[in-house]
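As provided, data-v8.txt (compact mmCIF, C-alpha atoms (C1' of nucleotides)) reads as follows.
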```
# COMPACT_ATOMS: atom_id res chain seq x y z
CA MET A 5 -18.05 -6.31 -24.94
CA VAL A 6 -19.79 -9.01 -22.96
CA THR A 7 -17.15 -11.40 -21.76
CA SER A 8 -17.62 -15.12 -21.85
CA ASN A 9 -18.71 -16.97 -18.74
CA LYS A 10 -16.27 -16.50 -15.91
CA LYS A 11 -14.83 -19.63 -14.41
CA GLN A 12 -15.13 -18.55 -10.82
CA PRO A 13 -17.85 -16.67 -9.01
CA GLN A 14 -15.16 -14.66 -7.23
CA SER A 15 -13.65 -13.25 -10.37
CA ASN A 16 -15.19 -9.84 -9.77
CA ILE A 17 -12.26 -7.85 -8.50
CA PHE A 18 -14.52 -5.36 -6.82
CA LEU A 19 -15.71 -7.91 -4.30
CA ALA A 20 -13.82 -7.90 -1.05
CA THR A 21 -13.83 -11.69 -1.13
CA CYS A 22 -12.28 -11.81 -4.57
CA THR A 23 -9.06 -13.72 -4.35
CA SER A 24 -7.24 -11.86 -7.05
CA ARG A 25 -7.99 -8.67 -5.21
CA GLN A 26 -6.36 -10.14 -2.16
CA VAL A 27 -3.41 -11.20 -4.23
CA LEU A 28 -3.17 -7.67 -5.56
CA HIS A 29 -2.78 -6.41 -2.04
CA LEU A 30 0.37 -8.45 -1.70
CA ILE A 31 2.19 -5.96 -3.80
CA ALA A 32 0.30 -2.90 -2.72
CA ASP A 33 2.53 -2.10 0.19
CA GLN A 34 5.44 0.23 0.46
CA TRP A 35 8.26 -2.23 0.12
CA THR A 36 7.43 -5.40 -1.78
CA ALA A 37 7.90 -3.84 -5.19
CA LEU A 38 11.26 -2.42 -4.18
CA VAL A 39 12.45 -5.74 -2.85
CA ILE A 40 11.55 -7.34 -6.15
CA TYR A 41 13.52 -4.71 -8.00
CA ALA A 42 16.46 -5.28 -5.69
CA LEU A 43 16.37 -9.03 -6.18
CA GLU A 44 15.94 -8.75 -9.89
CA GLY A 45 19.71 -8.52 -10.19
CA GLY A 46 20.13 -11.82 -8.43
CA THR A 47 20.65 -13.23 -4.98
CA LYS A 48 21.22 -10.76 -2.18
CA ARG A 49 21.98 -10.95 1.48
CA PHE A 50 19.83 -9.40 4.15
CA SER A 51 22.33 -6.66 4.86
CA GLN A 52 22.71 -5.91 1.19
CA LEU A 53 19.01 -5.36 0.83
CA LEU A 54 19.01 -3.24 3.95
CA THR A 55 21.70 -1.03 2.46
CA GLN A 56 20.34 -0.90 -1.03
CA ILE A 57 16.75 -0.06 -0.16
CA ASP A 58 17.12 3.35 1.34
CA GLY A 59 14.80 4.13 4.19
CA ILE A 60 13.68 0.63 5.05
CA SER A 61 14.16 -0.52 8.62
CA LYS A 62 15.38 -3.90 9.76
CA LYS A 63 11.92 -4.64 11.03
CA MET A 64 10.15 -3.77 7.82
CA LEU A 65 12.61 -5.63 5.63
CA SER A 66 12.37 -8.70 7.78
CA GLN A 67 8.60 -8.54 7.77
CA THR A 68 8.36 -7.93 4.05
CA LEU A 69 10.69 -10.79 3.26
CA ARG A 70 8.77 -13.12 5.53
CA ASP A 71 5.51 -12.30 3.80
CA MET A 72 7.05 -12.64 0.38
CA GLU A 73 8.48 -16.00 1.33
CA ARG A 74 5.11 -17.12 2.59
CA ASN A 75 3.50 -16.09 -0.67
CA GLY A 76 6.08 -17.97 -2.66
CA LEU A 77 7.77 -14.93 -4.14
CA VAL A 78 11.20 -15.25 -2.57
CA GLN A 79 13.37 -18.08 -1.41
CA ARG A 80 15.53 -17.94 1.68
CA VAL A 81 18.69 -19.93 2.12
CA VAL A 82 20.49 -20.10 5.43
CA TYR A 83 24.17 -21.01 5.54
CA PRO A 84 25.51 -22.73 8.62
CA VAL A 85 28.34 -20.34 9.30
CA VAL A 86 29.17 -17.93 12.06
CA PRO A 87 28.23 -15.19 11.70
CA PRO A 88 25.10 -16.41 9.91
CA ARG A 89 24.71 -15.80 6.22
CA VAL A 90 21.24 -15.66 4.74
CA GLU A 91 20.57 -15.20 1.06
CA TYR A 92 17.39 -14.18 -0.65
CA SER A 93 16.40 -14.68 -4.24
CA LEU A 94 13.29 -14.54 -6.35
CA THR A 95 11.45 -17.77 -6.97
CA THR A 96 10.18 -18.60 -10.42
CA LEU A 97 6.86 -17.18 -9.35
CA GLY A 98 8.52 -14.05 -8.04
CA GLN A 99 10.30 -13.55 -11.32
CA THR A 100 7.02 -13.45 -13.18
CA LEU A 101 6.23 -10.33 -11.20
CA ILE A 102 9.19 -8.43 -12.58
CA GLU A 103 7.49 -7.57 -15.82
CA PRO A 104 4.23 -6.06 -14.54
CA ILE A 105 6.03 -4.27 -11.74
CA THR A 106 8.60 -2.87 -14.10
CA ALA A 107 5.76 -1.57 -16.23
CA LEU A 108 4.61 0.39 -13.23
CA ARG A 109 8.07 1.78 -12.59
CA ILE A 110 8.37 2.87 -16.16
CA TRP A 111 5.00 4.54 -15.93
CA ALA A 112 6.15 6.36 -12.83
CA GLU A 113 9.32 7.54 -14.51
CA GLU A 114 7.55 8.63 -17.66
CA HIS A 115 4.71 10.48 -16.00
CA LEU A 116 6.51 11.78 -12.97
CA ASP A 117 6.62 15.30 -14.31
CA GLU A 118 2.94 15.36 -15.12
CA VAL A 119 2.08 14.21 -11.63
CA LYS A 120 4.33 16.81 -10.07
CA GLU A 121 2.85 19.51 -12.22
CA ALA A 122 -0.70 18.45 -11.43
CA ARG A 123 0.13 18.55 -7.77
CA VAL A 124 1.58 22.04 -7.92
CA LYS A 125 -1.38 23.31 -9.87
CA HIS A 126 -3.80 21.71 -7.49
CA ASP A 127 -2.08 23.11 -4.43
CA GLN A 128 -1.99 26.59 -5.92
CA THR A 129 -5.70 26.61 -6.64
CA GLU A 130 -8.29 27.68 -4.15
CA HIS A 131 -10.63 24.82 -3.46
CA ILE A 132 -14.13 25.47 -2.32
CA SER A 133 -16.07 22.56 -0.97
CA VAL A 134 -18.74 20.74 -2.87
CA GLN A 135 -21.41 22.19 -0.60
CA GLU A 136 -20.27 25.69 -1.35
CA GLN A 137 -20.15 25.03 -5.06
CA VAL A 138 -23.64 23.62 -5.12
CA ALA A 139 -25.02 26.28 -2.82
CA SER A 140 -23.67 29.19 -4.83
CA LEU A 141 -24.67 27.73 -8.14
CA VAL A 142 -28.17 26.97 -6.97
CA GLN A 143 -28.44 30.49 -5.68
CA GLN A 144 -27.43 31.88 -9.06
CA ARG A 145 -30.16 29.88 -10.74
CA GLU A 146 -32.76 31.05 -8.28
CA GLN A 147 -31.89 34.67 -8.80
CA HIS A 148 -32.39 34.95 -12.54
CA MET B 18 24.94 -4.76 -18.49
CA VAL B 19 26.21 -1.30 -17.61
CA THR B 20 23.46 1.13 -18.48
CA SER B 21 24.14 4.41 -20.15
CA ASN B 22 24.39 7.57 -18.09
CA LYS B 23 21.22 8.34 -16.22
CA LYS B 24 19.61 11.68 -16.88
CA GLN B 25 18.83 12.53 -13.32
CA PRO B 26 20.73 11.96 -10.12
CA GLN B 27 17.48 10.88 -8.50
CA SER B 28 16.77 8.14 -10.95
CA ASN B 29 17.86 5.46 -8.53
CA ILE B 30 14.59 4.06 -7.35
CA PHE B 31 16.12 2.69 -4.20
CA LEU B 32 16.75 6.16 -2.84
CA ALA B 33 14.03 7.49 -0.59
CA THR B 34 14.34 10.84 -2.31
CA CYS B 35 13.79 9.32 -5.72
CA THR B 36 10.77 10.96 -7.26
CA SER B 37 9.63 7.99 -9.25
CA ARG B 38 9.62 5.98 -6.06
CA GLN B 39 7.34 8.55 -4.53
CA VAL B 40 5.13 8.41 -7.58
CA LEU B 41 5.02 4.64 -7.24
CA HIS B 42 3.62 5.03 -3.77
CA LEU B 43 0.62 6.82 -5.24
CA ILE B 44 -0.69 3.54 -6.45
CA ALA B 45 0.62 1.38 -3.68
CA ASP B 46 -2.37 1.80 -1.45
CA GLN B 47 -5.38 -0.40 -1.01
CA TRP B 48 -7.84 1.49 -3.14
CA THR B 49 -6.32 3.56 -5.93
CA ALA B 50 -5.95 0.65 -8.29
CA LEU B 51 -9.53 -0.41 -7.72
CA VAL B 52 -10.83 3.08 -8.37
CA ILE B 53 -8.96 3.14 -11.64
CA TYR B 54 -10.52 -0.17 -12.62
CA ALA B 55 -13.93 1.17 -11.69
CA LEU B 56 -13.49 4.34 -13.71
CA GLU B 57 -12.07 2.48 -16.66
CA GLY B 58 -15.62 1.92 -17.86
CA GLY B 59 -16.31 5.64 -17.88
CA THR B 60 -17.67 8.35 -15.66
CA LYS B 61 -19.11 7.30 -12.33
CA ARG B 62 -20.82 9.03 -9.47
CA PHE B 63 -19.58 8.95 -5.91
CA SER B 64 -22.35 6.65 -4.79
CA GLN B 65 -21.78 4.34 -7.71
CA LEU B 66 -18.16 3.93 -6.79
CA LEU B 67 -19.13 3.37 -3.19
CA THR B 68 -21.44 0.56 -4.23
CA GLN B 69 -19.20 -1.00 -6.81
CA ILE B 70 -16.04 -1.13 -4.73
CA ASP B 71 -17.03 -3.54 -2.05
CA GLY B 72 -15.62 -2.85 1.37
CA ILE B 73 -14.55 0.73 0.89
CA SER B 74 -15.93 3.29 3.31
CA LYS B 75 -17.20 6.73 2.48
CA LYS B 76 -14.18 8.20 4.16
CA MET B 77 -11.66 6.13 2.28
CA LEU B 78 -13.30 6.66 -1.07
CA SER B 79 -13.46 10.38 -0.52
CA GLN B 80 -9.84 10.48 0.57
CA THR B 81 -8.64 8.31 -2.28
CA LEU B 82 -10.50 10.40 -4.84
CA ARG B 83 -9.12 13.60 -3.40
CA ASP B 84 -5.56 12.32 -3.62
CA MET B 85 -6.11 11.04 -7.12
CA GLU B 86 -7.51 14.37 -8.15
CA ARG B 87 -4.55 16.15 -6.64
CA ASN B 88 -2.19 13.91 -8.56
CA GLY B 89 -4.01 14.57 -11.79
CA LEU B 90 -5.42 11.08 -12.18
CA VAL B 91 -9.12 11.84 -11.91
CA GLN B 92 -11.35 14.74 -12.74
CA ARG B 93 -14.26 15.83 -10.60
CA VAL B 94 -17.32 17.58 -11.93
CA VAL B 95 -19.93 19.07 -9.64
CA TYR B 96 -23.45 19.68 -10.89
CA PRO B 97 -25.49 22.48 -9.34
CA VAL B 98 -28.48 20.43 -8.42
CA VAL B 99 -30.13 19.42 -5.20
CA PRO B 100 -29.25 16.88 -4.07
CA PRO B 101 -25.74 17.40 -5.39
CA ARG B 102 -24.44 15.27 -8.20
CA VAL B 103 -20.72 14.73 -8.50
CA GLU B 104 -19.11 12.74 -11.28
CA TYR B 105 -15.65 11.31 -11.47
CA SER B 106 -13.70 10.27 -14.51
CA LEU B 107 -10.14 9.41 -15.41
CA THR B 108 -8.01 12.17 -16.86
CA THR B 109 -5.79 11.51 -19.84
CA LEU B 110 -2.99 10.92 -17.38
CA GLY B 111 -5.14 8.57 -15.36
CA GLN B 112 -5.97 6.57 -18.44
CA THR B 113 -2.31 5.88 -19.10
CA LEU B 114 -2.31 3.98 -15.82
CA ILE B 115 -4.89 1.49 -16.98
CA GLU B 116 -2.44 -0.58 -18.92
CA PRO B 117 0.25 -1.17 -16.29
CA ILE B 118 -2.35 -1.68 -13.59
CA THR B 119 -4.27 -4.13 -15.69
CA ALA B 120 -1.05 -6.03 -16.18
CA LEU B 121 -0.90 -6.41 -12.42
CA ARG B 122 -4.47 -7.61 -12.22
CA ILE B 123 -3.85 -10.17 -14.90
CA TRP B 124 -0.79 -11.34 -13.05
CA ALA B 125 -2.86 -11.70 -9.90
CA GLU B 126 -5.50 -13.71 -11.69
CA GLU B 127 -3.02 -15.94 -13.44
CA HIS B 128 -0.87 -16.70 -10.44
CA LEU B 129 -3.49 -16.67 -7.75
CA ASP B 130 -3.45 -20.43 -7.40
CA GLU B 131 0.30 -20.58 -7.07
CA VAL B 132 0.23 -17.98 -4.35
CA LYS B 133 -2.51 -19.78 -2.49
CA GLU B 134 -0.65 -23.06 -2.75
CA ALA B 135 2.59 -21.50 -1.57
CA ARG B 136 0.77 -20.06 1.39
CA VAL B 137 -0.80 -23.36 2.39
CA LYS B 138 2.50 -25.16 2.07
CA HIS B 139 4.26 -22.53 4.09
CA ASP B 140 1.69 -22.55 6.85
CA GLN B 141 1.79 -26.33 7.07
CA THR B 142 5.53 -26.41 7.49
CA GLU B 143 7.28 -26.11 10.81
CA HIS B 144 9.49 -23.07 10.80
CA ILE B 145 12.48 -22.90 13.03
CA SER B 146 14.18 -19.57 13.38
CA VAL B 147 17.38 -18.64 11.65
CA GLN B 148 19.26 -18.77 14.92
CA GLU B 149 18.14 -22.29 15.54
CA GLN B 150 19.00 -23.39 12.04
CA VAL B 151 22.48 -21.98 12.27
CA ALA B 152 23.03 -23.27 15.74
CA SER B 153 22.02 -26.82 14.94
CA LEU B 154 23.97 -26.94 11.71
CA VAL B 155 27.09 -25.56 13.31
CA GLN B 156 26.74 -28.15 16.02
CA GLN B 157 26.56 -30.93 13.46
CA ARG B 158 29.77 -29.73 11.87
CA GLU B 159 31.55 -29.61 15.18
CA GLN B 160 30.55 -33.15 16.06
CA HIS B 161 31.96 -35.01 13.09
C1' DC C 21 -26.27 13.03 -2.37
C1' DG C 22 -21.68 13.95 -1.40
C1' DG C 23 -19.13 15.07 1.51
C1' DA C 24 -16.51 17.26 6.11
C1' DA C 25 -15.68 16.90 11.11
C1' DT C 26 -15.18 14.49 15.24
C1' DC C 27 -14.15 10.68 18.05
C1' DC C 28 -12.03 6.58 19.02
C1' DT C 29 -9.94 2.09 18.15
C1' DT C 30 -6.71 -0.59 15.56
C1' DT C 31 -2.67 -0.98 13.03
C1' DT C 32 1.73 0.42 11.63
C1' DG C 33 6.25 1.22 12.16
C1' DG C 34 10.50 3.29 14.36
C1' DA C 35 13.98 2.87 18.15
C1' DT C 36 16.23 0.10 21.16
C1' DA C 37 17.98 -3.90 23.30
C1' DC C 38 18.89 -8.69 23.06
C1' DT C 39 20.32 -13.30 20.96
C1' DG C 40 22.86 -17.37 18.67
C1' DC D 10 25.22 -11.09 10.70
C1' DA D 11 20.50 -11.72 10.75
C1' DG D 12 17.28 -11.52 12.95
C1' DT D 13 13.44 -11.40 17.30
C1' DA D 14 11.09 -8.98 21.20
C1' DT D 15 9.47 -5.12 23.49
C1' DC D 16 7.89 -0.61 23.97
C1' DC D 17 5.97 3.37 22.34
C1' DA D 18 4.48 7.13 19.07
C1' DA D 19 2.16 8.04 14.94
C1' DA D 20 -0.89 7.05 11.43
C1' DA D 21 -4.74 4.74 9.38
C1' DG D 22 -9.26 3.87 9.26
C1' DG D 23 -14.21 2.78 10.97
C1' DA D 24 -18.50 4.71 12.96
C1' DT D 25 -21.16 8.39 13.68
C1' DT D 26 -22.95 12.96 13.26
C1' DC D 27 -23.77 17.01 10.83
C1' DC D 28 -24.18 19.97 6.79
C1' DG D 29 -25.94 22.37 2.31
```
Write the structure described by the file as C-alpha cells, please.
Amino acid sequence: MVTSNKKQPQSNIFLATCTSRQVLHLIADQWTALVIYALEGGTKRFSQLLTQIDGISKKMLSQTLRDMERNGLVQRVVYPVVPPRVEYSLTTLGQTLIEPITALRIWAEEHLDEVKEARVKHDQTEHISVQEQVASLVQQREQH
Amino acid sequence: MVTSNKKQPQSNIFLATCTSRQVLHLIADQWTALVIYALEGGTKRFSQLLTQIDGISKKMLSQTLRDMERNGLVQRVVYPVVPPRVEYSLTTLGQTLIEPITALRIWAEEHLDEVKEARVKHDQTEHISVQEQVASLVQQREQH
DNA sequence: CGGAATCCTTTTGGATACTG
DNA sequence: CAGTATCCAAAAGGATTCCG
C-alpha cells in the first residue's frame, strides 16, 4: 500500500499549502457545481442562468462566473448589441469537471433518503455531551 | 434527449427546495471532504484529525464532525477513560462517499496546472468591463 | 483529551440603486 | 440586459477560556 515516490512535495492534500487542496476549494462553494450543471446543456445567457438556478442572486451569479472564468472553467462572450448580450459556456477544462461533479449529484440523489433518515434519528435522540458520558461511565467503574 | 418521467417533483436540482441539492451542500464546505479523506484510512481520534488536517481549528473540526455525525456520515465512539478518548470512523453511508469525492480529488490533481495557468493568464490580462466592451464595439459599428 | 461557551473580528451575501 | 457599487445585516470562523 506504499505508493511510489510523489512528484511534488505538495501532493499531501492535508497540507494547507497543497495546491490540489486549493483547487478543490474552487468547487466547494454553494454555486459553482450548479453553474456547471446549468452549462452542461450548452451556452447560456446571464439571465437564463439567473432564472434557471433558483435562489441565486445577481451578485452571487456574477461573482461565481467571474471566478470560474478566472480559473479557466467558463468562457464569456460579449456581443456588441444593445441591450448587451453575454453568453457563457464551459471551456474544455470546465467540461472535464462534469463527470466528477455528476458523480456527486448521483450520490446525493441515491443516498438522499439515508441522509434524511439519519438526520431525523439524530434529532430525535437525546444527546449528552462527551463530558457527561465520560463522567458517568467513570463513576460506574469506580462504584463496583 | 428528453428524459423519462422523473419520480419526484423535487428532482430538479436547480430548485432551492430540491432535496438532493441540499444534500449536495453537505459536502460543499471547506472541511467535510478532507475529513472523509482522513477517515478513509480507518478510525481516527479527534486529536489525530486535528493534526492531520492542516489549518483546521478545534472549533471547525468539532463542528464539521458534529454535522457529519448528524447526517449519518461518521460514527463517534466515546471511551470511558480519563482523559477521554473519542474515536471517529466512517459509517457505511460515509464510505459510499469516498468514491465520488476521490474522483474530485483526482480531477484537482490532474488539472491543477491548467487551473493555475488559466489564473496567471487571466490576471495578466487587462479586463475592461462589459459596459465598456459593448460601448466601444457599438461605437465602431456606428462609425463605419 | 475532547470538547463547549464566550467574545470578537472578518467575511459573506442580500437589497437597492445606478450605468452603458 | 448585464452587470457594478454601496450599504448593511447575518453568518462564519479564530482566539481564548473553562470544564470533566
Dump as JSON lines the rows for residues of region 47-107 of chain A within 12 Å of region 33-40 of chain C: closest atom pair and distance in Å with one decimal, only C-alpha atoms (C1' of nucleotides) counted, ordered by chain and rising residue number.
```
{"residue": "A:Gly59", "atom": "CA", "partner": "C:DG34", "partner_atom": "C1'", "distance": 11.1}
{"residue": "A:Ile60", "atom": "CA", "partner": "C:DG34", "partner_atom": "C1'", "distance": 10.2}
{"residue": "A:Ser61", "atom": "CA", "partner": "C:DG34", "partner_atom": "C1'", "distance": 7.8}
{"residue": "A:Lys62", "atom": "CA", "partner": "C:DG34", "partner_atom": "C1'", "distance": 9.8}
{"residue": "A:Lys63", "atom": "CA", "partner": "C:DG33", "partner_atom": "C1'", "distance": 8.2}
{"residue": "A:Met64", "atom": "CA", "partner": "C:DG33", "partner_atom": "C1'", "distance": 7.7}
{"residue": "A:Leu65", "atom": "CA", "partner": "C:DG33", "partner_atom": "C1'", "distance": 11.4}
{"residue": "A:Gln67", "atom": "CA", "partner": "C:DG33", "partner_atom": "C1'", "distance": 11.0}
{"residue": "A:Pro84", "atom": "CA", "partner": "C:DG40", "partner_atom": "C1'", "distance": 11.7}
{"residue": "A:Val85", "atom": "CA", "partner": "C:DG40", "partner_atom": "C1'", "distance": 11.3}
{"residue": "A:Val86", "atom": "CA", "partner": "C:DG40", "partner_atom": "C1'", "distance": 9.2}
{"residue": "A:Pro87", "atom": "CA", "partner": "C:DG40", "partner_atom": "C1'", "distance": 9.1}
{"residue": "A:Pro88", "atom": "CA", "partner": "C:DG40", "partner_atom": "C1'", "distance": 9.1}
```
* Could you please determine the separation between CA of Val91 (chain B) and CA of Thr21 (chain A) in Å, to one decimal place? => 26.3 Å
Write out as JSON lines a residue-level contact list of chain B versus chain C with cut-off 12 Å: for each qualifying residue the closest pair of atoms and the distance in Å to one decimal, counting all atoms listed in the file, rows sorted by chain and residue number upward.
```
{"residue": "B:Arg62", "atom": "CA", "partner": "C:DG22", "partner_atom": "C1'", "distance": 9.5}
{"residue": "B:Phe63", "atom": "CA", "partner": "C:DG22", "partner_atom": "C1'", "distance": 7.1}
{"residue": "B:Ser64", "atom": "CA", "partner": "C:DC21", "partner_atom": "C1'", "distance": 7.9}
{"residue": "B:Gln65", "atom": "CA", "partner": "C:DC21", "partner_atom": "C1'", "distance": 11.1}
{"residue": "B:Leu66", "atom": "CA", "partner": "C:DG22", "partner_atom": "C1'", "distance": 11.9}
{"residue": "B:Leu67", "atom": "CA", "partner": "C:DG22", "partner_atom": "C1'", "distance": 11.0}
{"residue": "B:Lys75", "atom": "CA", "partner": "C:DG23", "partner_atom": "C1'", "distance": 8.6}
{"residue": "B:Lys76", "atom": "CA", "partner": "C:DG23", "partner_atom": "C1'", "distance": 8.9}
{"residue": "B:Met77", "atom": "CA", "partner": "C:DG23", "partner_atom": "C1'", "distance": 11.7}
{"residue": "B:Leu78", "atom": "CA", "partner": "C:DG23", "partner_atom": "C1'", "distance": 10.6}
{"residue": "B:Ser79", "atom": "CA", "partner": "C:DG23", "partner_atom": "C1'", "distance": 7.6}
{"residue": "B:Gln80", "atom": "CA", "partner": "C:DG23", "partner_atom": "C1'", "distance": 10.4}
{"residue": "B:Leu82", "atom": "CA", "partner": "C:DG23", "partner_atom": "C1'", "distance": 11.7}
{"residue": "B:Arg83", "atom": "CA", "partner": "C:DG23", "partner_atom": "C1'", "distance": 11.2}
{"residue": "B:Arg93", "atom": "CA", "partner": "C:DG22", "partner_atom": "C1'", "distance": 12.0}
{"residue": "B:Val94", "atom": "CA", "partner": "C:DG22", "partner_atom": "C1'", "distance": 12.0}
{"residue": "B:Val95", "atom": "CA", "partner": "C:DG22", "partner_atom": "C1'", "distance": 9.9}
{"residue": "B:Tyr96", "atom": "CA", "partner": "C:DC21", "partner_atom": "C1'", "distance": 11.2}
{"residue": "B:Pro97", "atom": "CA", "partner": "C:DC21", "partner_atom": "C1'", "distance": 11.8}
{"residue": "B:Val98", "atom": "CA", "partner": "C:DC21", "partner_atom": "C1'", "distance": 9.8}
{"residue": "B:Val99", "atom": "CA", "partner": "C:DC21", "partner_atom": "C1'", "distance": 8.0}
{"residue": "B:Pro100", "atom": "CA", "partner": "C:DC21", "partner_atom": "C1'", "distance": 5.2}
{"residue": "B:Pro101", "atom": "CA", "partner": "C:DC21", "partner_atom": "C1'", "distance": 5.3}
{"residue": "B:Arg102", "atom": "CA", "partner": "C:DC21", "partner_atom": "C1'", "distance": 6.5}
{"residue": "B:Val103", "atom": "CA", "partner": "C:DG22", "partner_atom": "C1'", "distance": 7.2}
{"residue": "B:Glu104", "atom": "CA", "partner": "C:DG22", "partner_atom": "C1'", "distance": 10.3}
{"residue": "B:Ser146", "atom": "CA", "partner": "C:DG40", "partner_atom": "C1'", "distance": 10.4}
{"residue": "B:Val147", "atom": "CA", "partner": "C:DG40", "partner_atom": "C1'", "distance": 9.0}
{"residue": "B:Gln148", "atom": "CA", "partner": "C:DG40", "partner_atom": "C1'", "distance": 5.4}
{"residue": "B:Glu149", "atom": "CA", "partner": "C:DG40", "partner_atom": "C1'", "distance": 7.5}
{"residue": "B:Gln150", "atom": "CA", "partner": "C:DG40", "partner_atom": "C1'", "distance": 9.8}
{"residue": "B:Val151", "atom": "CA", "partner": "C:DG40", "partner_atom": "C1'", "distance": 7.9}
{"residue": "B:Ala152", "atom": "CA", "partner": "C:DG40", "partner_atom": "C1'", "distance": 6.6}
{"residue": "B:Ser153", "atom": "CA", "partner": "C:DG40", "partner_atom": "C1'", "distance": 10.2}
{"residue": "B:Leu154", "atom": "CA", "partner": "C:DG40", "partner_atom": "C1'", "distance": 11.9}
{"residue": "B:Val155", "atom": "CA", "partner": "C:DG40", "partner_atom": "C1'", "distance": 10.7}
{"residue": "B:Gln156", "atom": "CA", "partner": "C:DG40", "partner_atom": "C1'", "distance": 11.8}
```
* **Exercise answer, chain D residues close to chain B, 12 Å and all atoms listed in the file, as JSON, numbers by chain** => {"D": [10, 11, 12, 13, 21, 22, 23, 24, 25, 29]}
* Would you list which chain B residues are within 6 Å of chain A using all atoms listed in the file, as a PyMOL selection string? -> chain B and resi 31-33+37+40-41+45-46+70-72+87-89+97+117+120-121+125-126+132+135-136+139+151+154-155
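The spacing separating CA of Leu94 (chain A) from CA of Thr47 (chain A) amounts to 7.6 Å.
The space separating CA of Ile40 (chain A) from CA of Leu56 (chain B) comes to 28.6 Å.
Comparing A:Gln99, A:Ile132, A:Tyr92, A:Gly45 by their smallest distance to Thr68 (chain A), the closest is A:Tyr92 (using all atoms listed in the file).
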Using only the atoms of region 91-106 of chain B listed in the file, plus 5 Å on each side, state the axis-aligned box centre and edge lengths in Å rounded to one decimal, as AutoDock Vina command-line options.
```
--center_x -19.6 --center_y 16.4 --center_z -9.3 --size_x 31.0 --size_y 22.2 --size_z 20.4
```
Using the partial input, fill out region 92-103 of chain B with N, CA and C atoms; write the result as a compact mmCIF listing (two decimals), in the coordinates of the input.
```txt
# COMPACT_ATOMS: atom_id res chain seq x y z
N GLN B 92 -10.73 13.44 -12.63
CA GLN B 92 -11.35 14.74 -12.74
C GLN B 92 -12.71 14.70 -12.03
N ARG B 93 -13.01 15.77 -11.34
CA ARG B 93 -14.26 15.83 -10.60
C ARG B 93 -15.15 16.93 -11.18
N VAL B 94 -16.39 16.59 -11.42
CA VAL B 94 -17.32 17.58 -11.93
C VAL B 94 -18.53 17.66 -11.01
N VAL B 95 -18.81 18.86 -10.56
CA VAL B 95 -19.93 19.07 -9.64
C VAL B 95 -21.09 19.70 -10.39
N TYR B 96 -22.27 19.11 -10.26
CA TYR B 96 -23.45 19.68 -10.89
C TYR B 96 -24.29 20.43 -9.87
N PRO B 97 -24.74 21.62 -10.27
CA PRO B 97 -25.49 22.48 -9.34
C PRO B 97 -26.94 22.06 -9.19
N VAL B 98 -27.13 20.91 -8.65
CA VAL B 98 -28.48 20.43 -8.42
C VAL B 98 -28.63 20.00 -6.97
N VAL B 99 -29.87 19.91 -6.54
CA VAL B 99 -30.13 19.42 -5.20
C VAL B 99 -30.99 18.18 -5.31
N PRO B 100 -30.54 17.07 -4.76
CA PRO B 100 -29.25 16.88 -4.07
C PRO B 100 -28.08 16.93 -5.04
N PRO B 101 -26.91 17.24 -4.53
CA PRO B 101 -25.74 17.40 -5.39
C PRO B 101 -25.40 16.15 -6.19
N ARG B 102 -24.85 16.37 -7.35
CA ARG B 102 -24.44 15.27 -8.20
C ARG B 102 -22.99 15.51 -8.57
N VAL B 103 -22.14 14.57 -8.23
CA VAL B 103 -20.72 14.73 -8.50
C VAL B 103 -20.24 13.54 -9.32
```
